[in-house]
Amino acid sequence: MKLVRGFSGVVAAGTVALALVVIGTAVVAARREFPGPGTESVAWHVVSAVIAVAAQIYSDKRRGFAAFSGSAVVFVAAGLLLWTQWWS
């Protein structure tokens, strides 16, 4: 179970890093007046990062099936983010 929680922690951290990159890109794009990620994309990234971090904290404080469920939420949130904002 530690391996799953560790991997979901890496995915949660990656989701936060991706959200920070998208926010930074939106700020730079707005300042230089060129198209960048819109408000909807930034919101998707921020919400997904918050959900992933909250689920990871939950997973780290629990054991057994509850910990696995928290890790699964991290994977689903990251997967939905990638699918809806990057691959489609």
# chains A, B, ... in the order shown; residues from 1 in each chain; ligands from 1

call {"tool": "residues_around", "arguments": {"residues": "A:Phe68", "least_positions_apart": "5", "cutoff": "8 Å", "atoms": "only C-alpha atoms", "output": "list in words"}}
result
Met1, Val4, Arg5, Ser59 and Arg63 of chain A

call {"tool": "write_last_selection", "arguments": {"atoms": "C-alpha atoms", "output": "compact mmCIF listing (two decimals), in the first residue's frame"}}
result
# COMPACT_ATOMS: atom_id res chain seq x y z
CA MET A 1 0.00 0.00 0.00
CA VAL A 4 0.49 3.09 -4.21
CA ARG A 5 0.40 6.01 -1.78
CA SER A 59 -4.84 8.73 1.88
CA ARG A 63 -4.81 2.65 6.14

call {"tool": "closest_residue", "arguments": {"among": "A:Ile23, A:Ala30, A:Ala43, A:Val16", "to": "A:Ala78", "atoms": "only C-alpha atoms"}}
result
A:Val16

call {"tool": "atom_distance", "arguments": {"atom1": "atom CA of A:Leu82", "atom2": "atom CA of A:Leu3"}}
result
22.4 Å

call {"tool": "select_by_dssp", "arguments": {"residues": "chain A", "states": "alpha helix (DSSP H)", "output": "PyMOL selection string"}}
result
chain A and resi 2-32+39-61+65-82

call {"tool": "residues_around", "arguments": {"residues": "A:Val11", "least_positions_apart": "6", "cutoff": "9 Å", "atoms": "only C-alpha atoms", "output": "list of chain:residue names"}}
result
A:Ala52, A:Val74, A:Phe75, A:Ala78
